[in-house]
$ cat entry26.cif   # mmCIF, C-alpha atoms
data_input
#
loop_
_atom_site.label_atom_id
_atom_site.label_comp_id
_atom_site.auth_asym_id
_atom_site.auth_seq_id
_atom_site.Cartn_x
_atom_site.Cartn_y
_atom_site.Cartn_z
CA MET M 1 12.80 -5.33 -33.55
CA GLU M 2 11.45 -2.17 -31.96
CA SER M 3 8.53 -4.03 -30.38
CA ILE M 4 10.95 -6.59 -28.89
CA THR M 5 13.08 -3.81 -27.42
CA ILE M 6 10.04 -2.12 -25.91
CA ASN M 7 8.80 -5.44 -24.57
CA LYS M 8 12.14 -6.16 -22.90
CA ASN M 9 12.15 -2.69 -21.38
CA VAL M 10 8.67 -3.27 -19.96
CA LEU M 11 9.75 -6.62 -18.55
CA ARG M 12 12.81 -5.08 -16.92
CA PHE M 13 10.65 -2.36 -15.37
CA GLY M 14 8.27 -5.03 -14.12
CA TYR M 15 11.03 -7.28 -12.79
CA TYR M 16 12.93 -4.62 -10.85
CA SER M 17 9.81 -2.83 -9.62
CA SER M 18 8.47 -6.17 -8.33
CA ILE M 19 11.64 -6.86 -6.36
CA LEU M 20 11.83 -3.32 -4.98
CA LEU M 21 8.15 -3.41 -4.09
CA ALA M 22 8.64 -6.52 -1.96
CA VAL M 23 11.79 -5.12 -0.31
CA PHE M 24 10.44 -1.66 0.53
CA THR M 25 7.12 -3.07 1.73
CA PHE M 26 8.94 -5.53 3.98
CA ILE M 27 11.06 -2.74 5.50
CA ALA M 28 8.09 -0.40 5.95
CA PHE M 29 6.10 -3.27 7.48
CA GLY M 30 8.88 -4.03 9.96
CA LEU M 31 9.30 -0.39 10.98
CA GLY M 32 5.53 0.01 11.22
CA MET M 33 5.30 -2.98 13.56
CA MET M 34 7.88 -1.35 15.84
CA ALA M 35 5.94 1.92 15.93
CA VAL M 36 3.40 0.70 18.48
CA PRO M 37 0.72 3.40 18.74
CA PRO M 38 0.90 5.25 22.10
CA ALA M 39 -2.79 6.12 21.82
CA GLY M 40 -6.03 4.34 20.99
CA PRO M 41 -7.19 0.74 21.47
CA TYR M 42 -3.82 -0.93 20.76
CA CYS M 43 -1.79 1.26 23.09
CA PRO M 44 0.27 -1.00 25.41
CA GLY M 45 0.72 1.60 28.18
CA ASP M 46 1.74 5.20 28.93
CA CYS M 47 -0.94 6.28 26.50
CA PHE M 48 -1.86 9.84 25.66
CA GLY M 49 -5.10 11.21 24.30
CA TYR M 50 -6.67 14.32 22.86
CA PRO M 51 -5.24 16.78 21.86
CA TYR M 52 -2.18 14.50 21.31
CA LEU M 53 0.36 17.23 22.00
CA ASP M 54 2.69 14.78 23.76
CA SER M 55 3.20 12.94 20.46
CA LEU M 56 6.36 14.93 19.77
CA SER M 57 8.17 12.60 22.19
CA HIS M 58 7.67 9.83 19.60
CA PHE M 59 9.29 11.78 16.78
CA PRO M 60 11.08 10.64 14.65
CA LYS M 61 10.89 6.91 15.49
CA ASP M 62 7.15 6.64 14.79
CA TYR M 63 7.63 8.28 11.39
CA TYR M 64 10.45 6.20 9.88
CA TRP M 65 8.06 3.72 8.28
CA MET M 66 6.31 6.51 6.38
CA TYR M 67 9.50 7.49 4.54
CA PHE M 68 9.84 3.94 3.25
CA ALA M 69 6.10 3.81 2.53
CA VAL M 70 6.43 6.87 0.26
CA PHE M 71 9.05 5.10 -1.89
CA GLN M 72 7.02 1.89 -1.70
CA ILE M 73 3.95 3.62 -3.15
CA ILE M 74 5.98 5.18 -5.97
CA ILE M 75 7.36 1.74 -6.83
CA TYR M 76 3.83 0.30 -6.60
CA VAL M 77 2.68 2.73 -9.33
CA VAL M 78 5.58 1.66 -11.59
CA PHE M 79 4.70 -1.98 -10.92
CA MET M 80 1.02 -1.44 -11.78
CA ILE M 81 1.92 0.29 -15.05
CA SER M 82 4.31 -2.56 -15.91
CA VAL M 83 1.54 -5.11 -15.37
CA HIS M 84 -0.73 -3.06 -17.64
CA PHE M 85 1.83 -3.22 -20.45
CA ILE M 86 2.11 -7.02 -20.31
CA ALA M 87 -1.67 -7.52 -20.26
CA PRO M 88 -3.11 -9.28 -23.32
CA PRO M 89 -5.37 -7.04 -25.45
CA ASP M 90 -8.61 -8.47 -24.07
CA LYS M 91 -7.44 -7.76 -20.51
CA LYS M 92 -6.25 -4.19 -21.10
CA ILE M 93 -9.53 -2.80 -19.74
CA ASN M 94 -8.96 -4.73 -16.50
CA SER M 95 -5.36 -3.62 -16.13
CA PHE M 96 -6.12 0.00 -17.03
CA THR M 97 -8.91 0.08 -14.44
CA GLY M 98 -6.47 -1.38 -11.93
CA VAL M 99 -3.90 1.31 -12.75
CA SER M 100 -6.60 3.97 -12.33
CA PHE M 101 -7.53 2.76 -8.85
CA GLY M 102 -3.82 2.45 -8.10
CA LEU M 103 -3.24 6.10 -9.00
CA ILE M 104 -6.10 7.15 -6.73
CA ALA M 105 -4.57 5.12 -3.91
CA ALA M 106 -1.12 6.58 -4.56
CA VAL M 107 -2.30 10.21 -4.57
CA VAL M 108 -4.31 9.75 -1.37
CA LEU M 109 -1.57 7.90 0.52
CA LEU M 110 1.35 10.03 -0.67
CA SER M 111 -0.51 13.19 0.33
CA ASP M 112 -1.46 11.66 3.67
CA TYR M 113 2.07 10.54 4.57
CA PHE M 114 3.83 13.65 3.30
CA VAL M 115 1.54 15.96 5.28
CA GLN M 116 2.03 13.79 8.36
CA PHE M 117 5.83 13.98 8.52
CA ALA M 118 6.24 17.40 6.89
CA VAL M 119 3.56 19.32 8.81
CA VAL M 120 2.73 17.75 12.18
CA PRO M 121 6.17 17.49 13.90
CA ILE M 122 7.42 20.95 12.92
CA SER M 123 4.09 22.50 13.92
CA LEU M 124 4.39 20.96 17.38
CA ILE M 125 8.03 22.05 17.68
CA LYS M 126 7.03 25.63 16.92
CA GLY M 127 4.08 25.50 19.29
CA GLU M 128 1.54 25.81 16.47
CA GLU M 129 -0.87 23.36 18.02
CA GLU M 130 -4.21 24.43 16.60
CA GLY M 131 -5.71 21.78 14.32
CA ILE M 132 -2.98 19.20 15.06
CA ALA M 133 -5.42 16.87 16.81
CA LEU M 134 -7.32 16.42 13.55
CA LEU M 135 -4.16 15.79 11.49
CA THR M 136 -2.04 13.57 13.72
CA GLN M 137 -1.70 9.84 13.09
CA TYR M 138 -2.50 9.16 16.76
CA ASN M 139 -6.09 10.35 16.42
CA GLY M 140 -8.14 7.23 15.70
CA HIS M 141 -10.87 9.24 13.97
CA GLY M 142 -8.66 11.92 12.42
CA THR M 143 -7.94 12.69 8.78
CA PHE M 144 -4.76 10.59 8.70
CA ILE M 145 -6.58 7.36 9.54
CA ALA M 146 -9.54 8.19 7.29
CA LEU M 147 -7.29 8.83 4.28
CA GLU M 148 -5.31 5.65 4.95
CA GLU M 149 -8.54 3.66 4.99
CA LEU M 150 -9.58 5.21 1.69
CA GLY M 151 -6.15 4.70 0.14
CA TYR M 152 -5.89 1.04 1.03
CA VAL M 153 -9.44 0.28 -0.08
CA MET M 154 -8.50 1.77 -3.46
CA MET M 155 -5.30 -0.29 -3.49
CA SER M 156 -7.29 -3.47 -2.85
CA LEU M 157 -9.57 -2.61 -5.76
CA SER M 158 -6.52 -2.10 -7.98
CA PHE M 159 -5.35 -5.61 -7.04
CA LEU M 160 -8.75 -7.04 -7.91
CA PHE M 161 -8.66 -5.67 -11.45
CA ILE M 162 -5.06 -6.55 -12.31
CA ALA M 163 -5.64 -10.12 -11.11
CA ALA M 164 -7.23 -10.87 -14.49
CA VAL M 165 -3.92 -10.16 -16.24
CA PHE M 166 -2.25 -13.26 -14.85
CA SER M 167 -3.02 -16.51 -16.63
CA ARG M 168 -5.13 -19.24 -15.12
CA GLN M 169 -3.17 -21.74 -17.18
CA SER M 170 -0.04 -21.65 -15.00
CA GLY M 171 0.21 -22.57 -11.33
CA LEU M 172 2.04 -19.34 -10.54
CA GLY M 173 -0.56 -17.30 -12.39
CA ARG M 174 -3.41 -18.90 -10.44
CA ILE M 175 -1.66 -18.23 -7.14
CA LEU M 176 -1.08 -14.60 -8.09
CA ARG M 177 -4.72 -14.17 -9.09
CA TRP M 178 -5.94 -15.42 -5.73
CA ILE M 179 -3.47 -13.35 -3.73
CA LEU M 180 -4.64 -10.28 -5.64
CA ILE M 181 -8.33 -11.07 -5.16
CA ILE M 182 -8.25 -11.99 -1.46
CA PRO M 183 -7.36 -8.50 -0.04
CA ILE M 184 -10.61 -6.83 -1.13
CA LEU M 185 -12.63 -9.75 0.25
CA LEU M 186 -10.83 -9.55 3.61
CA ILE M 187 -11.17 -5.78 3.75
CA ILE M 188 -14.93 -6.00 3.19
CA LEU M 189 -15.19 -8.60 5.98
CA PHE M 190 -13.03 -6.51 8.35
CA PHE M 191 -15.07 -3.38 7.62
CA ILE M 192 -18.35 -5.18 8.30
CA PHE M 193 -16.98 -6.76 11.49
CA TYR M 194 -15.57 -3.55 12.98
CA SER M 195 -18.59 -1.51 11.91
CA ILE M 196 -21.00 -3.94 13.56
CA ARG M 197 -18.93 -4.19 16.73
CA TYR M 198 -17.83 -0.56 17.15
CA GLY M 199 -20.07 1.44 14.84
CA ILE M 200 -18.47 4.65 13.57
CA ASP M 201 -16.15 4.67 16.60
CA ARG M 202 -13.94 1.91 15.19
CA SER M 203 -10.81 4.05 15.78
CA TYR M 204 -7.81 2.81 13.77
CA ARG M 205 -8.74 -0.87 14.03
CA PHE M 206 -9.94 -1.14 10.43
CA GLU M 207 -7.00 0.93 9.18
CA VAL M 208 -4.53 -1.47 10.81
CA ALA M 209 -6.31 -4.44 9.24
CA ALA M 210 -6.42 -2.78 5.81
CA ILE M 211 -2.76 -1.80 5.77
CA GLY M 212 -1.71 -5.22 7.09
CA VAL M 213 -3.68 -7.11 4.43
CA ASN M 214 -2.42 -4.91 1.59
CA TRP M 215 1.21 -4.87 2.67
CA PHE M 216 1.32 -8.63 3.17
CA ALA M 217 -0.16 -9.04 -0.31
CA LEU M 218 2.38 -6.60 -1.79
CA ILE M 219 5.29 -8.58 -0.39
CA ILE M 220 4.03 -11.90 -1.78
CA VAL M 221 2.89 -10.38 -5.08
CA GLY M 222 6.21 -8.61 -5.51
CA ILE M 223 8.13 -11.86 -5.11
CA LEU M 224 5.87 -13.93 -7.37
CA ALA M 225 5.51 -11.21 -10.02
CA ALA M 226 9.31 -10.87 -10.17
CA ILE M 227 9.44 -14.56 -11.12
CA VAL M 228 6.78 -14.02 -13.81
CA PHE M 229 8.61 -11.04 -15.31
CA LYS M 230 11.96 -12.85 -15.14
CA ARG M 231 10.55 -15.87 -16.97
CA LYS M 232 9.08 -13.68 -19.68
CA LEU M 233 12.35 -11.79 -20.00
CA LYS M 234 14.32 -15.01 -20.39
CA LYS M 235 11.86 -16.16 -23.02
CA GLU M 236 12.29 -12.91 -24.94
CA ASN M 237 16.07 -13.14 -24.71
CA GLY M 238 15.99 -16.72 -25.89
CA GLY M 239 13.87 -15.80 -28.88
CA SER M 240 15.87 -12.72 -29.93
#
$ encode --input "entry26.cif" --output "structure tokens"
Amino acid sequence: MESITINKNVLRFGYYSSILLAVFTFIAFGLGMMAVPPAGPYCPGDCFGYPYLDSLSHFPKDYYWMYFAVFQIIIYVVFMISVHFIAPPDKKINSFTGVSFGLIAAVVLLSDYFVQFAVVPISLIKGEEEGIALLTQYNGHGTFIALEELGYVMMSLSFLFIAAVFSRQSGLGRILRWILIIPILLIILFFIFYSIRYGIDRSYRFEVAAIGVNWFALIIVGILAAIVFKRKLKKENGGS
């Protein structure tokens, strides 16, 4: 009886975290799309450059998406752990590796986003401008972009390893596996393309591609995984 209770609890965690993951990613994605960068290669006009001190004029509207992204990443960790607990014994090594890469991604991205909205704006408001150029999100070769690239590469690797958890025997499982595998393949292709074309001066082009691929995958995976967890939960309830 205890194992059934634990199993149901895991399935509930997985179900609700899947739904919340899709919802928060969708909101963050929408807000991120509206925060058109006023610097770099995708700037539509009225652009500013180094040392990016004019960026305060874009606070707080360019930061809203990060608040939702913080909650999204926390939910993503809960989701990854839930997937690990439903993995069959022979796939536990895959799921645990996926969780490990997921935790790396979460630590990198949470630190990156929290520093961005907790340090940069208030420093500019107080006139403490030294070092801001390296930290700000508008610097295409700054620490913010570099850490985002690292974080989303780690997230793609976490997808790759948890893909094995979902069964090939069901149509939904096969779809989930491919959606989880495709991001790392696309990210490798994008990295090669931008590196060949722009060298190390790729600015935030690769970062935009990486975040777009991962967030689109999170929305779809969240929806489909919610169905998987719901079906398993119904099966457990029917058998109890």
$ closest_residue --input "entry26.cif" --among "M:Gly140, M:Gly222, M:Gly199, M:Gly98" --to "Pro41 of chain M" --atoms "all atoms listed in the file"
M:Gly140
$ residues_around --input "entry26.cif" --residues "Asn7 of chain M" --least-positions-apart "5" --cutoff "12 Å" --atoms "all atoms listed in the file" --output "list of chain:residue names"
M:Met1, M:Glu2, M:Arg12, M:Phe13, M:Gly14, M:Ser82, M:Val83, M:Phe85, M:Ile86, M:Ala87, M:Phe229, M:Lys232, M:Leu233, M:Lys234, M:Lys235, M:Glu236, M:Asn237, M:Ser240
$ closest_residue --input "entry26.cif" --among "M:Ser18, M:Thr25, M:Asn214, M:Asn139" --to "Phe48 of chain M" --atoms "all atoms listed in the file"
M:Asn139
$ residues_near_point --input "entry26.cif" --point "(-1.3, 20.1, 12.5)" --cutoff "10 Å" --atoms "only C-alpha atoms" --output "JSON, numbers by chain"
{"M": [115, 116, 118, 119, 120, 121, 122, 123, 124, 128, 129, 130, 131, 132, 133, 134, 135, 136]}
$ atom_distance --input "entry26.cif" --atom1 "atom CA of Ser170 of chain M" --atom2 "atom CA of Ala225 of chain M"
12.8 Å
$ resolve_selection --input "entry26.cif" --expression "the PyMOL selection byres ((chain M and resi 143-145) around 10)" --output "PDB file with C-alpha atoms, in the coordinates of the input"
ATOM      1  CA  LEU M 109      -1.570   7.900   0.520  1.00  0.00           C
ATOM      2  CA  SER M 111      -0.510  13.190   0.330  1.00  0.00           C
ATOM      3  CA  ASP M 112      -1.460  11.660   3.670  1.00  0.00           C
ATOM      4  CA  TYR M 113       2.070  10.540   4.570  1.00  0.00           C
ATOM      5  CA  VAL M 115       1.540  15.960   5.280  1.00  0.00           C
ATOM      6  CA  GLN M 116       2.030  13.790   8.360  1.00  0.00           C
ATOM      7  CA  ALA M 133      -5.420  16.870  16.810  1.00  0.00           C
ATOM      8  CA  LEU M 134      -7.320  16.420  13.550  1.00  0.00           C
ATOM      9  CA  LEU M 135      -4.160  15.790  11.490  1.00  0.00           C
ATOM     10  CA  THR M 136      -2.040  13.570  13.720  1.00  0.00           C
ATOM     11  CA  GLN M 137      -1.700   9.840  13.090  1.00  0.00           C
ATOM     12  CA  TYR M 138      -2.500   9.160  16.760  1.00  0.00           C
ATOM     13  CA  ASN M 139      -6.090  10.350  16.420  1.00  0.00           C
ATOM     14  CA  GLY M 140      -8.140   7.230  15.700  1.00  0.00           C
ATOM     15  CA  HIS M 141     -10.870   9.240  13.970  1.00  0.00           C
ATOM     16  CA  GLY M 142      -8.660  11.920  12.420  1.00  0.00           C
ATOM     17  CA  ALA M 146      -9.540   8.190   7.290  1.00  0.00           C
ATOM     18  CA  LEU M 147      -7.290   8.830   4.280  1.00  0.00           C
ATOM     19  CA  GLU M 148      -5.310   5.650   4.950  1.00  0.00           C
ATOM     20  CA  GLU M 149      -8.540   3.660   4.990  1.00  0.00           C
ATOM     21  CA  LEU M 150      -9.580   5.210   1.690  1.00  0.00           C
ATOM     22  CA  GLY M 151      -6.150   4.700   0.140  1.00  0.00           C
ATOM     23  CA  SER M 203     -10.810   4.050  15.780  1.00  0.00           C
ATOM     24  CA  TYR M 204      -7.810   2.810  13.770  1.00  0.00           C
ATOM     25  CA  ARG M 205      -8.740  -0.870  14.030  1.00  0.00           C
ATOM     26  CA  PHE M 206      -9.940  -1.140  10.430  1.00  0.00           C
ATOM     27  CA  GLU M 207      -7.000   0.930   9.180  1.00  0.00           C
ATOM     28  CA  VAL M 208      -4.530  -1.470  10.810  1.00  0.00           C
TER      29      VAL M 208
END
$ resolve_selection --input "entry26.cif" --expression "the PyMOL selection byres ((chain M and resi 183-191) around 9)" --output "list in words"
Val153, Met155, Ser156, Leu157, Phe159, Leu160, Ile179, Leu180, Ile181, Ile182, Ile192, Phe193, Tyr194, Ser195, Ile196, Phe206, Ala209, Ala210, Val213, Asn214 and Ala217 of chain M
$ residues_near_point --input "entry26.cif" --point "(-2.8, -4.0, -13.0)" --cutoff "6 Å" --atoms "only C-alpha atoms" --output "PDB file with C-alpha atoms, in the frame of the given file"
ATOM      1  CA  MET M  80       1.020  -1.440 -11.780  1.00  0.00           C
ATOM      2  CA  VAL M  83       1.540  -5.110 -15.370  1.00  0.00           C
ATOM      3  CA  HIS M  84      -0.730  -3.060 -17.640  1.00  0.00           C
ATOM      4  CA  SER M  95      -5.360  -3.620 -16.130  1.00  0.00           C
ATOM      5  CA  GLY M  98      -6.470  -1.380 -11.930  1.00  0.00           C
ATOM      6  CA  VAL M  99      -3.900   1.310 -12.750  1.00  0.00           C
ATOM      7  CA  ILE M 162      -5.060  -6.550 -12.310  1.00  0.00           C
TER       8      ILE M 162
END
$ residues_around --input "entry26.cif" --residues "Pro38 of chain M" --least-positions-apart "4" --cutoff "7 Å" --atoms "all atoms listed in the file" --output "list in words"
Cys43, Asp46, Cys47 and Phe48 of chain M
$ atom_distance --input "entry26.cif" --atom1 "atom CA of Leu224 of chain M" --atom2 "atom CA of Leu176 of chain M"
7.0 Å
$ atom_distance --input "entry26.cif" --atom1 "atom CA of Ile200 of chain M" --atom2 "atom CA of Ala105 of chain M"
22.3 Å
$ closest_residue --input "entry26.cif" --among "M:Leu172, M:Ala106, M:Ala164, M:Ser55" --to "Asp90 of chain M" --atoms "only C-alpha atoms"
M:Ala164
$ closest_residue --input "entry26.cif" --among "M:Trp65, M:Phe216, M:Phe59, M:Tyr16" --to "Met33 of chain M" --atoms "all atoms listed in the file"
M:Trp65
$ axis_aligned_box --input "entry26.cif" --around "segment 176-194 of chain M" --padding-each-side "5 Å" --output "JSON"
{"center_x": -9.7, "center_y": -9.4, "center_z": 1.9, "size_x": 27.3, "size_y": 22.0, "size_z": 32.1}
$ residues_around --input "entry26.cif" --residues "Lys61 of chain M" --least-positions-apart "6" --cutoff "9 Å" --atoms "all atoms listed in the file" --output "list in words"
Leu31, Met34 and Ala35 of chain M
$ residues_around --input "entry26.cif" --residues "Ile19 of chain M" --least-positions-apart "4" --cutoff "7 Å" --atoms "only C-alpha atoms" --output "list in words"
Tyr15, Val23, Gly222, Ile223 and Ala226 of chain M
